[in-house]
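> The structure follows.
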Amino acid sequence: AIGFFITFCITTVMATLPLAGLLPMHTLVLISLAATVMKLMFVYTVLPESSLSMSGEQELKDVFSTPVVALRVFLRHGFIFRMAFVLVFSSLGFAGVNTVLAPYLTAYLSLTRAEGSGLLLSSVVSGAFGLAIGVGPLVANFGEIGALQACLALATAFPLLLVACTTPGQVCFLASILGAPLFMLAPIISGIKSNLVTQDEQGLVQGGLACIANLATAIADVMFGFLYMYATEHGTTKSRSSVFPLFFICASLTGASWLLALSLPRRLPPPLAWSSKVAGVSIVAPLLGEGAAVSTA
């Protein structure tokens with residue numbers, strides 16, 4: 001299901017990206033607003049988890065109880081705990097690159113709107129090929145953890161290689177090469193998450209880690225936006241080297257995620273079901289090792 005969803009998203013992006021370079025800006029804004037309204041209507045009228053028909057008492061109960069249960073799942077053993085931090089640091093690094101790259105390319109490499117559409121399209125096409133023919137063999141030969149480590153290593157190199165690019169064409173070539181491993185991270189991480197817990201807790205883990213990634217992305221957007229204005233003196237600095245430290249910070253964050261991934265065992269721990277009926281179970285002691293929850297009885 002996840003693979004189908006990612007394939008559908010990439011196909012949609014590939015079909016709509018050429019329009020971004022052809023349609024007028026005000027038309028694109030109106031289309032975006034219409035799509036946003038449709039998504040909100042779908043969320044609040046169709047999805048049972050967020051439908052307005054849910055009672056206020058049940059909604060309030062879920063708001064306070066779900067984070068507590070999710071925290072217990074994350075603290076179950078060290079593997080899940082470290083995977084959460086892998087996601088945090090990688091999300092910070094990726095969001096930092098996304099925040100800095102667009103103004104950097106426009107201001108210092110004179111990227112045009114048409115060239116920007118071509119850059120996005122080359123990245124998406126590379127990612128589509130990676131998802132179609134790269135994920136399976138990579139996981140089959142190196143395992144899910146080995147595939148995660150390899151993709152994070154290339155993701156760490158991406159902002160460093162951006163520093164060496166002096167033309168939009170070089171950036172486009174780099175994106176077409178490294179777009180595949182960057183896109184492949186999503187299904188690899190999703191597969192690891194789904195194998196860590198039982199079927200009943202899939203929603204908790206997937207939703208909890210998604211919230212962590214979104215929160216890290218939001219923090220990175222604000223932080224790197226401020227750092228970019230400070231480093232370039234609100235865009236007045238002529239030298240592009242003023243932005244290089246920001247790319248180094250992004251590489252350091254993604255590198256921290258890669259180092260954490262290197263500390264993970266190559267074999268995934270078996271799923272462990274949480275049961276509130278089991279007495280005397282510690283959720284903190286397993287952080288010291290890879291085992292399951294340790295009974296204190």
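Labels for the structure tokens follow display order: chains A, B, ..., residues from 1 in each chain, ligands from 1.
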Once DSSP has gone over the backbone, tell me which residues of range 86-294 of chain A are in alpha helix (DSSP H), as a ChimeraX atom specification.
/A:86-108,113-129,135-164,168-194,202-231,244-262
> Which residues, written as a list in words, have at least one atom at most 10 Å from Leu138 in chain A, with only C-alpha atoms counted and residues fewer than 2 positions away on the same chain left out?
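My list of contacting residues is Gly130, Ile133, Gly134, Val135, Gly136, Ala140, Asn141, Phe142, Gly143, Glu144, Gly146, Ala147, Leu148, Ala150, Cys151, Met184 and Ile188 of chain A.
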> Using DSSP on the backbone coordinates, identify the residues of range 86-297 of chain A assigned to strand (DSSP E or B); present them as a list in words.
Val281, Ser282, Val294 and Ser295 of chain A
> Quick one: residues within 9 Å of Gly96 in chain A, only C-alpha atoms counted, chain neighbours fewer than 5 positions away excluded, as a list of chain:residue names?
A:Ser91, A:Leu101, A:Thr217, A:Ala220, A:Asp221, A:Met223, A:Phe224, A:Gly225, A:Leu246, A:Phe247, A:Ile249, A:Cys250
> Select, from A:Pro181, A:Gly208, A:Pro265, A:Gly78, the residue with the minimum atom-to-atom distance to Leu131 in chain A, counting only C-alpha atoms.
A:Pro181
> Would you please work out which residue, of A:Leu152, A:Arg113, A:Lys193, A:Thr198, is nearest to Leu178 in chain A when using only C-alpha atoms?
A:Leu152
> Quick one, how far is CA of Pro137 in chain A from CA of Leu268 in chain A?
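Straight-line distance from CA of Pro137 in chain A to CA of Leu268 in chain A works out to 18.2 Å.
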> CA of Val100 in chain A to CA of Leu185 in chain A: how many Å, to one decimal?
20.9 Å
